[in-house]
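Student: Data file structure.cif (mmCIF, C-alpha atoms and all ligand atoms) is appended below.
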```
data_coords
loop_
_atom_site.group_PDB
_atom_site.id
_atom_site.type_symbol
_atom_site.label_atom_id
_atom_site.label_comp_id
_atom_site.auth_asym_id
_atom_site.auth_seq_id
_atom_site.Cartn_x
_atom_site.Cartn_y
_atom_site.Cartn_z
ATOM 1 C CA MET J 1 -8.595 40.625 -136.879
ATOM 2 C CA THR J 2 -5.403 40.366 -138.905
ATOM 3 C CA ALA J 3 -3.430 37.329 -137.815
ATOM 4 C CA LEU J 4 0.252 38.173 -137.653
ATOM 5 C CA PHE J 5 2.039 35.505 -135.661
ATOM 6 C CA THR J 6 1.398 31.916 -134.656
ATOM 7 C CA PHE J 7 2.723 30.517 -131.383
ATOM 8 C CA GLY J 8 1.530 27.021 -130.513
ATOM 9 C CA ARG J 9 -2.243 26.812 -130.798
ATOM 10 C CA LYS J 10 -2.742 30.568 -130.699
ATOM 11 C CA VAL J 11 -3.023 32.728 -133.767
ATOM 12 C CA MET J 12 -1.969 36.097 -132.550
ATOM 13 C CA GLY J 13 -3.163 39.452 -133.773
ATOM 14 C CA PRO J 14 -1.376 42.786 -133.698
ATOM 15 C CA HIS J 15 -1.956 43.326 -129.967
ATOM 16 C CA TYR J 16 -0.019 40.214 -128.991
ATOM 17 C CA ILE J 17 3.351 41.602 -128.056
ATOM 18 C CA THR J 18 6.212 39.177 -127.797
ATOM 19 C CA ARG J 19 9.923 39.513 -127.410
ATOM 20 C CA ARG J 20 10.279 37.685 -130.702
ATOM 21 C CA THR J 21 8.234 40.216 -132.663
ATOM 22 C CA ILE J 22 10.663 43.043 -132.010
ATOM 23 C CA PRO J 23 14.197 42.475 -133.262
ATOM 24 C CA GLY J 24 16.685 43.352 -130.542
ATOM 25 C CA ALA J 25 14.067 43.703 -127.823
ATOM 26 C CA VAL J 26 15.534 43.325 -124.349
ATOM 27 C CA HIS J 27 14.541 40.220 -122.388
ATOM 28 C CA ASN J 28 11.355 40.847 -120.400
ATOM 29 C CA ARG J 29 10.775 44.209 -122.013
ATOM 30 C CA CYS J 30 7.560 44.747 -123.890
ATOM 31 C CA MET J 31 7.193 47.345 -126.617
ATOM 32 C CA ASN J 32 3.761 48.179 -127.884
ATOM 33 C CA ILE J 33 3.745 47.880 -131.670
ATOM 34 C CA ASP J 34 0.089 48.814 -132.078
ATOM 35 C CA PRO J 35 -0.633 52.386 -130.973
ATOM 36 C CA ALA J 36 -4.333 51.500 -130.576
ATOM 37 C CA VAL J 37 -3.488 49.110 -127.711
ATOM 38 C CA PRO J 38 -2.691 50.782 -124.379
ATOM 39 C CA SER J 39 0.396 49.587 -122.488
ATOM 40 C CA LYS J 40 -0.212 47.202 -119.570
ATOM 41 C CA ILE J 41 0.642 50.094 -117.236
ATOM 42 C CA GLN J 42 -1.946 52.361 -118.852
ATOM 43 C CA ALA J 43 -4.588 49.602 -119.019
ATOM 44 C CA ARG J 44 -4.036 48.818 -115.300
ATOM 45 C CA ALA J 45 -4.337 52.505 -114.375
ATOM 46 C CA ASP J 46 -7.608 52.833 -116.322
ATOM 47 C CA LEU J 47 -9.092 49.639 -114.896
ATOM 48 C CA ARG J 48 -8.075 50.506 -111.310
ATOM 49 C CA ALA J 49 -9.552 54.003 -111.679
ATOM 50 C CA ARG J 50 -12.825 52.497 -112.919
ATOM 51 C CA ARG J 51 -12.882 50.032 -110.007
ATOM 52 C CA ARG J 52 -12.415 52.872 -107.537
ATOM 53 C CA THR J 53 -15.470 54.710 -108.891
ATOM 54 C CA ARG J 54 -17.766 51.699 -108.372
ATOM 55 C CA ASP J 55 -19.915 52.358 -105.326
ATOM 56 C CA PRO J 56 -19.718 49.907 -102.405
ATOM 57 C CA GLU J 57 -23.341 48.791 -102.815
ATOM 58 C CA ALA J 58 -22.789 47.910 -106.468
ATOM 59 C CA ARG J 59 -19.616 46.032 -105.485
ATOM 60 C CA GLU J 60 -21.556 44.066 -102.893
ATOM 61 C CA ALA J 61 -24.403 43.180 -105.259
ATOM 62 C CA LEU J 62 -22.080 42.199 -108.112
ATOM 63 C CA SER J 63 -19.864 40.174 -105.783
ATOM 64 C CA ARG J 64 -22.881 38.274 -104.463
ATOM 65 C CA ARG J 65 -24.020 37.456 -108.015
ATOM 66 C CA LEU J 66 -20.456 36.439 -108.908
ATOM 67 C CA ALA J 67 -20.389 34.054 -105.938
ATOM 68 C CA GLU J 68 -23.754 32.557 -106.930
ATOM 69 C CA THR J 69 -22.480 32.035 -110.462
ATOM 70 C CA VAL J 70 -19.377 30.195 -109.246
ATOM 71 C CA LEU J 71 -21.505 27.948 -107.020
ATOM 72 C CA GLU J 72 -23.917 27.209 -109.880
ATOM 73 C CA GLU J 73 -21.094 26.262 -112.266
ATOM 74 C CA LEU J 74 -18.971 24.351 -109.754
ATOM 75 C CA PRO J 75 -20.283 20.818 -110.444
ATOM 76 C CA ARG J 76 -19.891 21.218 -114.209
ATOM 77 C CA LEU J 77 -16.391 22.726 -113.933
ATOM 78 C CA THR J 78 -14.961 20.208 -111.510
ATOM 79 C CA GLY J 79 -17.013 17.108 -112.442
ATOM 80 C CA GLY J 80 -14.373 15.773 -114.800
ATOM 81 C CA ASN J 81 -11.627 15.845 -112.242
ATOM 82 C CA ARG J 82 -12.921 14.016 -109.191
ATOM 83 C CA THR J 83 -16.170 12.508 -108.068
ATOM 84 C CA GLU J 84 -15.735 13.352 -104.397
ATOM 85 C CA GLU J 85 -17.756 16.113 -102.802
ATOM 86 C CA ASP J 86 -14.789 17.539 -100.923
ATOM 87 C CA LEU J 87 -13.090 19.586 -103.598
ATOM 88 C CA VAL J 88 -9.899 21.575 -103.069
ATOM 89 C CA ILE J 89 -10.414 25.068 -104.451
ATOM 90 C CA ALA J 90 -7.636 27.625 -104.786
ATOM 91 C CA ALA J 91 -9.430 30.941 -104.292
ATOM 92 C CA TYR J 92 -8.284 34.326 -102.949
ATOM 93 C CA LEU J 93 -9.369 37.013 -100.505
ATOM 94 C CA GLY J 94 -10.741 39.886 -102.595
ATOM 95 C CA VAL J 95 -9.563 43.295 -101.371
ATOM 96 C CA PRO J 96 -11.623 46.416 -102.233
ATOM 97 C CA PRO J 97 -12.113 47.461 -104.971
ATOM 98 C CA GLU J 98 -11.754 43.869 -106.234
ATOM 99 C CA PRO J 99 -14.947 41.818 -106.215
ATOM 100 C CA ALA J 100 -15.490 40.575 -102.658
ATOM 101 C CA THR J 101 -14.996 36.820 -102.236
ATOM 102 C CA GLU J 102 -15.599 36.226 -98.531
ATOM 103 C CA GLU J 103 -19.215 35.054 -98.918
ATOM 104 C CA LEU J 104 -18.125 32.658 -101.645
ATOM 105 C CA LEU J 105 -15.355 31.262 -99.445
ATOM 106 C CA HIS J 106 -17.850 30.758 -96.594
ATOM 107 C CA ALA J 107 -20.304 29.016 -98.928
ATOM 108 C CA LEU J 108 -17.615 26.709 -100.316
ATOM 109 C CA THR J 109 -16.463 25.626 -96.861
ATOM 110 C CA SER J 110 -20.108 25.146 -95.752
ATOM 111 C CA LEU J 111 -20.504 22.746 -98.665
ATOM 112 C CA GLY J 112 -17.571 20.739 -97.295
ATOM 113 C CA HIS J 113 -14.923 21.911 -99.750
ATOM 114 C CA THR J 114 -11.373 22.842 -98.777
ATOM 115 C CA VAL J 115 -10.467 26.438 -99.626
ATOM 116 C CA ILE J 116 -6.865 27.522 -99.995
ATOM 117 C CA VAL J 117 -5.676 31.092 -100.648
ATOM 118 C CA PRO J 118 -2.379 32.471 -101.959
ATOM 119 C CA ILE J 119 0.611 33.622 -99.917
ATOM 120 C CA CYS J 120 3.109 35.970 -101.616
ATOM 121 C CA GLU J 121 6.573 34.455 -101.263
ATOM 122 C CA PRO J 122 9.972 35.877 -102.288
ATOM 123 C CA GLY J 123 10.694 35.889 -106.021
ATOM 124 C CA TYR J 124 7.014 36.529 -106.883
ATOM 125 C CA ARG J 125 6.143 32.912 -106.144
ATOM 126 C CA LEU J 126 2.870 31.807 -104.562
ATOM 127 C CA SER J 127 2.382 29.218 -101.878
ATOM 128 C CA TRP J 128 -1.024 28.208 -100.504
ATOM 129 C CA CYS J 129 -2.575 28.249 -97.069
ATOM 130 C CA ARG J 130 -5.876 26.824 -95.871
ATOM 131 C CA TRP J 131 -8.694 29.324 -95.251
ATOM 132 C CA TRP J 132 -11.663 28.759 -92.971
ATOM 133 C CA PRO J 133 -14.208 31.143 -91.387
ATOM 134 C CA GLY J 134 -12.426 33.078 -88.635
ATOM 135 C CA VAL J 135 -8.881 32.074 -89.587
ATOM 136 C CA PRO J 136 -6.490 34.789 -88.321
ATOM 137 C CA LEU J 137 -5.363 37.043 -91.191
ATOM 138 C CA VAL J 138 -2.289 39.253 -91.434
ATOM 139 C CA LYS J 139 -1.201 41.837 -93.991
ATOM 140 C CA SER J 140 1.202 40.418 -96.529
ATOM 141 C CA PRO J 141 4.651 42.022 -96.297
ATOM 142 C CA ARG J 142 4.899 41.851 -100.108
ATOM 143 C CA ALA J 143 1.535 42.967 -101.524
ATOM 144 C CA PRO J 144 -1.551 44.909 -100.368
ATOM 145 C CA VAL J 145 -3.502 41.721 -99.546
ATOM 146 C CA LEU J 146 -4.448 39.714 -96.449
ATOM 147 C CA GLU J 147 -3.097 36.239 -95.834
ATOM 148 C CA PRO J 148 -3.903 33.546 -93.255
ATOM 149 C CA GLU J 149 -1.280 32.458 -90.763
ATOM 150 C CA GLY J 150 -0.675 28.756 -91.074
ATOM 151 C CA THR J 151 1.134 26.054 -92.968
ATOM 152 C CA ARG J 152 2.273 27.188 -96.425
ATOM 153 C CA THR J 153 2.253 24.624 -99.200
ATOM 154 C CA PRO J 154 3.762 25.127 -102.658
ATOM 155 C CA LEU J 155 1.849 23.862 -105.704
ATOM 156 C CA GLY J 156 4.060 20.793 -106.049
ATOM 157 C CA GLN J 157 3.109 19.594 -102.573
ATOM 158 C CA LEU J 158 -0.653 20.101 -102.745
ATOM 159 C CA ALA J 159 -2.291 16.689 -102.368
ATOM 160 C CA ALA J 160 -5.222 17.685 -104.578
ATOM 161 C CA LEU J 161 -6.422 20.672 -106.553
ATOM 162 C CA ASP J 162 -9.734 20.860 -108.390
ATOM 163 C CA LEU J 163 -10.242 24.485 -109.415
ATOM 164 C CA VAL J 164 -8.274 27.743 -109.400
ATOM 165 C CA LEU J 165 -10.196 31.023 -109.117
ATOM 166 C CA VAL J 166 -7.908 33.770 -110.375
ATOM 167 C CA PRO J 167 -8.029 37.497 -109.533
ATOM 168 C CA GLY J 168 -7.448 40.003 -112.288
ATOM 169 C CA LEU J 169 -8.217 43.480 -113.520
ATOM 170 C CA ALA J 170 -9.539 42.221 -116.866
ATOM 171 C CA VAL J 171 -9.797 39.101 -119.031
ATOM 172 C CA ASP J 172 -9.895 39.297 -122.819
ATOM 173 C CA ALA J 173 -11.892 37.323 -125.383
ATOM 174 C CA ALA J 174 -9.127 34.709 -125.723
ATOM 175 C CA GLY J 175 -8.808 34.127 -121.961
ATOM 176 C CA TYR J 176 -5.719 36.286 -121.414
ATOM 177 C CA ARG J 177 -5.691 38.128 -118.126
ATOM 178 C CA LEU J 178 -4.305 41.432 -116.949
ATOM 179 C CA GLY J 179 -3.256 41.175 -113.295
ATOM 180 C CA GLN J 180 -1.845 43.596 -110.747
ATOM 181 C CA GLY J 181 1.612 43.444 -112.291
ATOM 182 C CA GLY J 182 3.698 41.423 -109.834
ATOM 183 C CA GLY J 183 3.678 38.320 -111.992
ATOM 184 C CA TYR J 184 2.700 36.113 -109.032
ATOM 185 C CA TYR J 185 -0.182 34.456 -110.887
ATOM 186 C CA ASP J 186 1.708 34.409 -114.204
ATOM 187 C CA ARG J 187 4.413 32.278 -112.627
ATOM 188 C CA PHE J 188 1.900 30.113 -110.803
ATOM 189 C CA LEU J 189 -0.259 29.523 -113.912
ATOM 190 C CA ALA J 190 2.825 28.664 -115.982
ATOM 191 C CA GLU J 191 3.824 26.029 -113.403
ATOM 192 C CA LEU J 192 0.247 24.759 -113.113
ATOM 193 C CA SER J 193 -0.130 24.374 -116.883
ATOM 194 C CA ILE J 194 2.858 22.023 -116.855
ATOM 195 C CA GLU J 195 2.412 20.196 -113.544
ATOM 196 C CA ARG J 196 -1.408 19.920 -113.491
ATOM 197 C CA PRO J 197 -2.757 20.857 -116.911
ATOM 198 C CA THR J 198 -6.201 19.369 -116.245
ATOM 199 C CA VAL J 199 -7.013 21.703 -113.349
ATOM 200 C CA PRO J 200 -9.487 24.330 -114.577
ATOM 201 C CA THR J 201 -8.542 27.979 -114.093
ATOM 202 C CA ALA J 202 -11.161 30.738 -114.089
ATOM 203 C CA GLY J 203 -10.863 34.500 -113.763
ATOM 204 C CA MET J 204 -13.273 36.536 -111.636
ATOM 205 C CA VAL J 205 -14.076 40.026 -112.921
ATOM 206 C CA TYR J 206 -16.836 42.638 -113.065
ATOM 207 C CA PRO J 207 -18.973 42.510 -116.246
ATOM 208 C CA ASP J 208 -17.215 45.433 -117.987
ATOM 209 C CA GLU J 209 -13.807 43.815 -117.356
ATOM 210 C CA PHE J 210 -14.443 40.869 -119.706
ATOM 211 C CA VAL J 211 -13.067 42.766 -122.665
ATOM 212 C CA ALA J 212 -12.353 42.468 -126.389
ATOM 213 C CA GLY J 213 -8.964 41.248 -127.611
ATOM 214 C CA GLY J 214 -6.635 44.219 -128.037
ATOM 215 C CA SER J 215 -7.810 45.968 -124.857
ATOM 216 C CA PHE J 216 -4.382 45.255 -123.308
ATOM 217 C CA PRO J 217 -1.144 43.725 -124.613
ATOM 218 C CA VAL J 218 -0.459 40.016 -124.286
ATOM 219 C CA GLU J 219 3.117 38.780 -123.785
ATOM 220 C CA LEU J 220 4.762 35.391 -124.245
ATOM 221 C CA HIS J 221 4.675 34.639 -120.511
ATOM 222 C CA ASP J 222 0.912 35.236 -120.232
ATOM 223 C CA VAL J 223 -0.966 31.961 -119.783
ATOM 224 C CA PRO J 224 -4.602 31.965 -120.978
ATOM 225 C CA LEU J 225 -7.309 30.947 -118.514
ATOM 226 C CA HIS J 226 -9.790 28.158 -119.199
ATOM 227 C CA GLY J 227 -12.707 30.428 -118.383
ATOM 228 C CA VAL J 228 -13.940 33.610 -116.772
ATOM 229 C CA PHE J 229 -16.714 34.328 -114.300
ATOM 230 C CA THR J 230 -18.647 37.564 -114.430
ATOM 231 C CA PRO J 231 -21.680 38.177 -112.202
ATOM 232 C CA GLY J 232 -24.324 35.955 -113.804
ATOM 233 C CA ALA J 233 -22.231 34.224 -116.480
ATOM 234 C CA TYR J 234 -19.380 31.772 -117.037
ATOM 235 C CA HIS J 235 -17.554 31.916 -120.334
ATOM 236 C CA GLY J 236 -15.262 29.000 -121.232
ATOM 237 C CA PHE J 237 -12.345 29.440 -123.635
ATOM 238 C CA GLY J 238 -12.125 25.786 -124.586
ATOM 239 C CA ALA J 239 -12.053 22.746 -122.339
ATOM 240 C CA PRO J 240 -8.926 21.950 -120.317
ATOM 241 C CA PRO J 241 -7.246 18.737 -121.528
ATOM 242 C CA ALA J 242 -9.037 15.603 -120.352
ATOM 243 C CA PRO J 243 -7.473 13.833 -117.340
ATOM 244 C CA VAL J 244 -5.160 10.964 -118.326
HETATM 245 N N1 LIG J 301 -6.909 39.492 -103.644
HETATM 246 C C1 LIG J 301 -5.798 39.276 -104.304
HETATM 247 N N2 LIG J 301 -4.852 38.516 -103.782
HETATM 248 C C2 LIG J 301 -3.688 38.306 -104.465
HETATM 249 C C3 LIG J 301 -3.474 38.885 -105.734
HETATM 250 C C4 LIG J 301 -4.512 39.701 -106.271
HETATM 251 O O1 LIG J 301 -4.436 40.240 -107.386
HETATM 252 N N3 LIG J 301 -5.647 39.859 -105.529
HETATM 253 N N4 LIG J 301 -2.273 38.683 -106.371
HETATM 254 C C5 LIG J 301 -2.073 38.729 -107.736
HETATM 255 O O2 LIG J 301 -1.003 38.596 -108.244
HETATM 256 C C6 LIG J 301 -1.125 38.371 -105.519
HETATM 257 C C7 LIG J 301 -0.738 39.650 -104.786
HETATM 258 N N5 LIG J 301 -0.254 40.621 -105.703
HETATM 259 C C8 LIG J 301 -0.613 41.934 -105.786
HETATM 260 C C9 LIG J 301 0.318 42.796 -106.356
HETATM 261 C C10 LIG J 301 0.049 44.125 -106.501
HETATM 262 C C11 LIG J 301 -1.168 44.634 -106.078
HETATM 263 C C12 LIG J 301 -1.385 46.101 -106.272
HETATM 264 O O3 LIG J 301 -0.529 46.765 -106.792
HETATM 265 N N6 LIG J 301 -2.495 46.638 -105.910
HETATM 266 C C13 LIG J 301 -2.794 48.040 -106.169
HETATM 267 C C14 LIG J 301 -4.254 48.284 -105.925
HETATM 268 C C15 LIG J 301 -4.668 49.417 -106.735
HETATM 269 C C16 LIG J 301 -6.136 49.532 -106.868
HETATM 270 O O4 LIG J 301 -6.780 48.546 -107.252
HETATM 271 O O5 LIG J 301 -6.642 50.605 -106.609
HETATM 272 C C17 LIG J 301 -1.973 48.978 -105.317
HETATM 273 O O6 LIG J 301 -1.579 48.628 -104.202
HETATM 274 O O7 LIG J 301 -1.713 50.099 -105.786
HETATM 275 C C18 LIG J 301 -2.115 43.776 -105.539
HETATM 276 C C19 LIG J 301 -1.838 42.429 -105.383
HETATM 277 C C20 LIG J 301 -1.516 37.277 -104.556
HETATM 278 N N7 LIG J 301 -2.722 37.579 -103.855
HETATM 279 N N1 LIG J 302 6.668 32.566 -115.912
HETATM 280 C C1 LIG J 302 7.375 33.656 -115.608
HETATM 281 N N2 LIG J 302 8.677 33.560 -115.259
HETATM 282 C C2 LIG J 302 9.399 34.646 -114.941
HETATM 283 N N3 LIG J 302 8.919 35.908 -114.939
HETATM 284 C C3 LIG J 302 7.643 36.084 -115.271
HETATM 285 C C4 LIG J 302 6.799 34.974 -115.615
HETATM 286 N N4 LIG J 302 5.577 35.451 -115.881
HETATM 287 C C5 LIG J 302 5.644 36.793 -115.700
HETATM 288 N N5 LIG J 302 6.864 37.190 -115.350
HETATM 289 C C6 LIG J 302 7.290 38.578 -115.078
HETATM 290 O O1 LIG J 302 6.418 39.145 -114.090
HETATM 291 C C7 LIG J 302 6.254 40.539 -114.332
HETATM 292 C C8 LIG J 302 4.794 40.928 -114.310
HETATM 293 O O2 LIG J 302 4.131 40.367 -115.423
HETATM 294 P P1 LIG J 302 2.752 40.981 -115.944
HETATM 295 O O3 LIG J 302 2.927 42.432 -116.209
HETATM 296 O O4 LIG J 302 2.217 40.139 -117.055
HETATM 297 O O5 LIG J 302 1.851 40.839 -114.630
HETATM 298 P P2 LIG J 302 0.347 40.433 -114.368
HETATM 299 O O6 LIG J 302 -0.045 39.183 -115.075
HETATM 300 O O7 LIG J 302 -0.486 41.600 -114.710
HETATM 301 O O8 LIG J 302 0.408 40.230 -112.788
HETATM 302 P P3 LIG J 302 -0.008 39.048 -111.792
HETATM 303 O O9 LIG J 302 0.325 37.734 -112.426
HETATM 304 O O10 LIG J 302 0.761 39.312 -110.553
HETATM 305 O O11 LIG J 302 -1.448 39.199 -111.525
HETATM 306 C C9 LIG J 302 6.927 40.834 -115.656
HETATM 307 O O12 LIG J 302 8.176 41.415 -115.380
HETATM 308 C C10 LIG J 302 7.099 39.468 -116.285
HETATM 309 O O13 LIG J 302 8.198 39.427 -117.151
#
```
What's the structure tokens form of this structure?
Ligand SMILES: Nc1nc2c(c(=O)[nH]1)N(C=O)[C@@H](CNc1ccc(C(=O)N[C@@H](CCC(=O)O)C(=O)O)cc1)CN2
Ligand SMILES: Nc1ncnc2c1ncn2[C@@H]1O[C@H](COP(=O)(O)OP(=O)(O)OP(=O)(O)O)[C@@H](O)[C@H]1O
Tutor:
Amino acid sequence: MTALFTFGRKVMGPHYITRRTIPGAVHNRCMNIDPAVPSKIQARADLRARRRTRDPEAREALSRRLAETVLEELPRLTGGNRTEEDLVIAAYLGVPPEPATEELLHALTSLGHTVIVPICEPGYRLSWCRWWPGVPLVKSPRAPVLEPEGTRTPLGQLAALDLVLVPGLAVDAAGYRLGQGGGYYDRFLAELSIERPTVPTAGMVYPDEFVAGGSFPVELHDVPLHGVFTPGAYHGFGAPPAPV
């Protein structure tokens, strides 16, 4: 791949679109300079269409394997952070056609871990609410997802956090993620990378959604993940910084 630009530790190829690469570009606007790379809008449409064609049985089987993979990798991923058994894991409630996560959430709580899930707040911010089997859920007024009713805690007030499982439509070979487009997780991951840089972050996608670089544009605000789970495999993009 031809390296064009360097920002921090990343050497960026032609598909990495930044405001700085385009003279006069308007703040928060992204122009695609490589015609071979689809826009984020196009990439999302393609990935959503593919998700919708996956049959429910395949979704169930892949989701189960994904959950097993997370459980298998959990000790290795979180071992560096805390020695306690009772981890705090920021997960999410998968909505069809996303991979289902409910079985994973049940398994994590059965193991004694605390599971928290995101709440969509104004300004595309996330807060976090505890999940447990049978917790009453309501439709979010801001996004097509379910959320528990209960105490909402922003990142800065979480007593502990050991792992973040991140939804997405695709993750590329450098750990960049294409989400649903609200920017909720972008903002959260940016804050997390400053406030708690040692907390591992891992995407959760179907096998064909772990894609080559250049499959979707990457912008300056996109924060790379530490790893990605697919059903049957965990791929790390480099270790998170060691705890200080
Ligand atoms: N399960 C889950 N929870 C989550 C997210 C997510 O991606 N998945 N989010 C991540 O930020 C936040 C909610 N943001 C979202 C914003 C937009 C759409 C959305 O536009 N969904 C499409 C679904 C299309 C399809 O897949 O067919 C839609 O309604 O058209 C979903 C979630 C917080 N909670
Ligand atoms: N740290 C940030 N601060 C302010 N705005 C941001 C930040 N990160 C992303 N945004 C804005 O959020 C919007 C959505 O970003 P993007 O298209 O990358 O979404 P996404 O990563 O696919 O979605 P999500 O994070 O919700 O899963 C864009 O307008 C972007 O400029």
Student: Using the chain letters and residue numbers of this document, give as an NGL selection string the residues selected by the PyMOL selection byres (((chain J and resi 99) around 10) and not hetatm).
Tutor: :J and (51 or 58-64 or 66-67 or 93-98 or 100-102 or 167-168 or 204-206 or 230-231)
Student: Go through J:Val171, J:Val115, J:Leu220, J:Val199 and flag the residue nearest J:Pro148, using only C-alpha atoms for the distances.
Tutor: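 Comparing J:Val171, J:Val115, J:Leu220, J:Val199 against J:Pro148, the winner is J:Val115.
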Student: Under the rule that only C-alpha atoms and all ligand atoms are counted, which of J:Phe229, J:Tyr124, J:Tyr92, J:Trp132 is the nearest residue to ligand LIG 302 (chain J)?
Tutor: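 Selected residue with least distance to ligand LIG 302 (chain J): J:Tyr124.
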Student: Between J:Arg54, J:Arg125, J:Arg130, J:Arg196, single out the one closest to ligand LIG 302 (chain J), counting all atoms listed in the file.
Tutor: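 Checking each candidate against ligand LIG 302 (chain J), we get J:Arg125 as the closest.
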Student: Pick from J:Leu105, J:Ile116, J:Val223, J:Leu77: nearest to J:Arg152, with only C-alpha atoms counted?
Tutor: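 For J:Arg152, the nearest of the given residues is J:Ile116.
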Student: To verify the selection step, state as a list in words which residues the PyMOL selection byres (((chain J and resi 109) around 10) and not hetatm) yields on this input.
Tutor: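 Checked against the file, the PyMOL selection byres (((chain J and resi 109) around 10) and not hetatm) matches Asp86, Leu87, Val88, Ile89, Leu104, Leu105, His106, Ala107, Leu108, Ser110, Leu111, Gly112, His113, Thr114, Val115, Trp131, Trp132 and Pro133 of chain J.
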